[in-house]
Amino acid sequence: MITLGAVYVLAGLMFAGVAIASLRDRANPRRWTTALFWAGLALSFLAGDRLGDLGNGLLVIVLVVIAGSGGLRAGKPATTAAEERMQRAVRHGNALFVPALVIPAVALLGTVLLKGSGWVDPQQVTLISLGLGVILALLAAVVWLRPPVAAPVQETRRLLDSIGWVAILPQMLAALGAVFALAGVGEVVGKLITDYVPLTTPFAAVAAYALGMALFTMVMGNAFAAFPVMTAAIGLPIVVQQFGGQVTVVAAIGMLSGFCGTLLTPMAANFNILPVALLELKDRNAVIKVQAPTALIMLAANIVLMYALAFR
């Protein structure tokens, strides 16, 4: 049976390839520390379950020290020039989106078809299908475009060099959310909210939970960090246990409410600040301003949907 560990191995091998490519780039004055950063991230995926809490904690400290001290530096990947990529893009046109569309298509089909097959872990079938979609998309692109053998690694490195340490921000924030949950932050937040906000009706509880998810996500920069805190504070004890809401509906729409907050905050740097830098936009908040109306409309719709569906 294929488990989530296989996806971790694939991700670890990818980061290991980037680390090796970075180490071989003699034009990069920080190639050793840059390679060590990506190698450390590869180690966390390949052997994080064997390192234990202390080992993983030390590994995170090493990554933070490298990034914080300026040890992470973009190099010169052995890849095609920007002009050549532009020419190929013009030649192939919108067909270039086909490999990218393979990923969500396979993830959707895999979730539906493989859940009861016995071939994959039914608890992680979506993530495993997503990993399978990435592999199939890569194979399709290689067969179609016939790039050099090292192109996937070099292009991955080029993208990661553009993003920098922000690439691991979602993983770090998700871990922070788990730490907050274990520390009992959710209970403290829940007490503060119930002391000052009258949650005497199901609609008030739903609204508080959805808005809290969005606001806490804006503060944390990641819905995965907000979810365990706000669910422990309002979602489970009030919406589910006190008013009898369906936990699957509450959790799913609650997470989507958090993603609305992701669209509204510069703390979600990998989503909202990085595109500004890559596109060289003058307004640092240009992406957020464009997304804000959609985020607010979606948040309002989520409140209505949760109230309508969770108590059926």
# chains A, B, ... in the order shown; residues from 1 in each chain; ligands from 1
>>> residues_around(residues="region 212-228 of chain A", least_positions_apart="4", cutoff="7 Å", atoms="only C-alpha atoms", output="ChimeraX atom specification")
/A:170,173-174,176-178,181,208,232,254-255,257-262,264-265,267-268
>>> residues_around(residues="region 18-32 of chain A", least_positions_apart="5", cutoff="12 Å", atoms="only C-alpha atoms", output="MDAnalysis selection string")
chainID A and resid 11:13 37:43 66:67 69:79 150:161
>>> write_last_selection(atoms="C-alpha atoms", output="PDB file, in the first residue's frame")
ATOM      1  CA  ALA A  11       9.803  15.895  -2.033  1.00  0.00           C
ATOM      2  CA  GLY A  12      13.004  15.065  -0.168  1.00  0.00           C
ATOM      3  CA  LEU A  13      14.691  13.817  -3.340  1.00  0.00           C
ATOM      4  CA  PHE A  37      19.810  24.999   3.553  1.00  0.00           C
ATOM      5  CA  TRP A  38      18.166  22.888   0.840  1.00  0.00           C
ATOM      6  CA  ALA A  39      19.925  19.755   2.112  1.00  0.00           C
ATOM      7  CA  GLY A  40      18.495  20.403   5.565  1.00  0.00           C
ATOM      8  CA  LEU A  41      15.025  20.712   4.105  1.00  0.00           C
ATOM      9  CA  ALA A  42      15.585  17.489   2.159  1.00  0.00           C
ATOM     10  CA  LEU A  43      16.616  15.764   5.386  1.00  0.00           C
ATOM     11  CA  ILE A  66      21.173  30.237   7.473  1.00  0.00           C
ATOM     12  CA  ALA A  67      18.279  32.255   6.045  1.00  0.00           C
ATOM     13  CA  SER A  69      22.219  35.506   8.260  1.00  0.00           C
ATOM     14  CA  GLY A  70      22.014  35.899   4.488  1.00  0.00           C
ATOM     15  CA  GLY A  71      23.444  32.479   3.746  1.00  0.00           C
ATOM     16  CA  LEU A  72      20.781  31.736   1.158  1.00  0.00           C
ATOM     17  CA  ARG A  73      21.814  33.235  -2.166  1.00  0.00           C
ATOM     18  CA  ALA A  74      20.410  32.808  -5.662  1.00  0.00           C
ATOM     19  CA  GLY A  75      22.855  31.242  -8.090  1.00  0.00           C
ATOM     20  CA  LYS A  76      22.964  30.757 -11.834  1.00  0.00           C
ATOM     21  CA  PRO A  77      21.170  27.532 -12.737  1.00  0.00           C
ATOM     22  CA  ALA A  78      22.379  25.738 -15.851  1.00  0.00           C
ATOM     23  CA  THR A  79      19.133  26.293 -17.688  1.00  0.00           C
ATOM     24  CA  ALA A 150      18.862  17.842 -15.655  1.00  0.00           C
ATOM     25  CA  ALA A 151      16.226  20.415 -16.650  1.00  0.00           C
ATOM     26  CA  PRO A 152      13.624  19.440 -13.997  1.00  0.00           C
ATOM     27  CA  VAL A 153      16.153  19.873 -11.185  1.00  0.00           C
ATOM     28  CA  GLN A 154      17.668  23.040 -12.629  1.00  0.00           C
ATOM     29  CA  GLU A 155      14.271  24.634 -13.249  1.00  0.00           C
ATOM     30  CA  THR A 156      13.183  23.696  -9.736  1.00  0.00           C
ATOM     31  CA  ARG A 157      16.333  25.323  -8.428  1.00  0.00           C
ATOM     32  CA  ARG A 158      15.727  28.451 -10.503  1.00  0.00           C
ATOM     33  CA  LEU A 159      12.236  28.788  -9.064  1.00  0.00           C
ATOM     34  CA  LEU A 160      13.351  28.126  -5.490  1.00  0.00           C
ATOM     35  CA  ASP A 161      16.187  30.640  -5.866  1.00  0.00           C
TER      36      ASP A 161
END
>>> residues_around(residues="Asn285 (chain A)", least_positions_apart="4", cutoff="8 Å", atoms="only C-alpha atoms", output="list in words")
Pro266, Asn272, Ile273, Val276 and Lys289 of chain A
>>> write_last_selection(atoms="N, CA and C atoms", output="PDB file, in the first residue's frame")
ATOM      1  N   PRO A 266      -0.321  40.500   4.014  1.00  0.00           N
ATOM      2  CA  PRO A 266       1.075  40.426   3.557  1.00  0.00           C
ATOM      3  C   PRO A 266       1.868  39.364   4.308  1.00  0.00           C
ATOM      4  N   ASN A 272       1.346  36.531  -1.616  1.00  0.00           N
ATOM      5  CA  ASN A 272       0.964  37.906  -1.893  1.00  0.00           C
ATOM      6  C   ASN A 272       2.125  38.879  -2.099  1.00  0.00           C
ATOM      7  N   ILE A 273       3.271  38.602  -1.521  1.00  0.00           N
ATOM      8  CA  ILE A 273       4.415  39.503  -1.666  1.00  0.00           C
ATOM      9  C   ILE A 273       5.377  39.018  -2.737  1.00  0.00           C
ATOM     10  N   VAL A 276       4.573  40.068  -6.290  1.00  0.00           N
ATOM     11  CA  VAL A 276       4.893  41.482  -6.503  1.00  0.00           C
ATOM     12  C   VAL A 276       6.366  41.636  -6.866  1.00  0.00           C
ATOM     13  N   LYS A 289      -4.803  43.942  -3.002  1.00  0.00           N
ATOM     14  CA  LYS A 289      -5.886  44.846  -3.394  1.00  0.00           C
ATOM     15  C   LYS A 289      -6.782  44.216  -4.461  1.00  0.00           C
TER      16      LYS A 289
END
>>> residues_around(residues="Arg85 (chain A)", least_positions_apart="4", cutoff="12 Å", atoms="only C-alpha atoms", output="PyMOL selection string")
chain A and resi 79-81+89-93+96+145+147+155
>>> atom_distance(atom1="CA of Leu299 (chain A)", atom2="CA of Val229 (chain A)")
18.6 Å
>>> residues_around(residues="Val249 (chain A)", least_positions_apart="4", cutoff="9 Å", atoms="only C-alpha atoms", output="ChimeraX atom specification")
/A:245,253-254,306,309-310
>>> atom_distance(atom1="CA of Gly55 (chain A)", atom2="CA of Val7 (chain A)")
21.1 Å
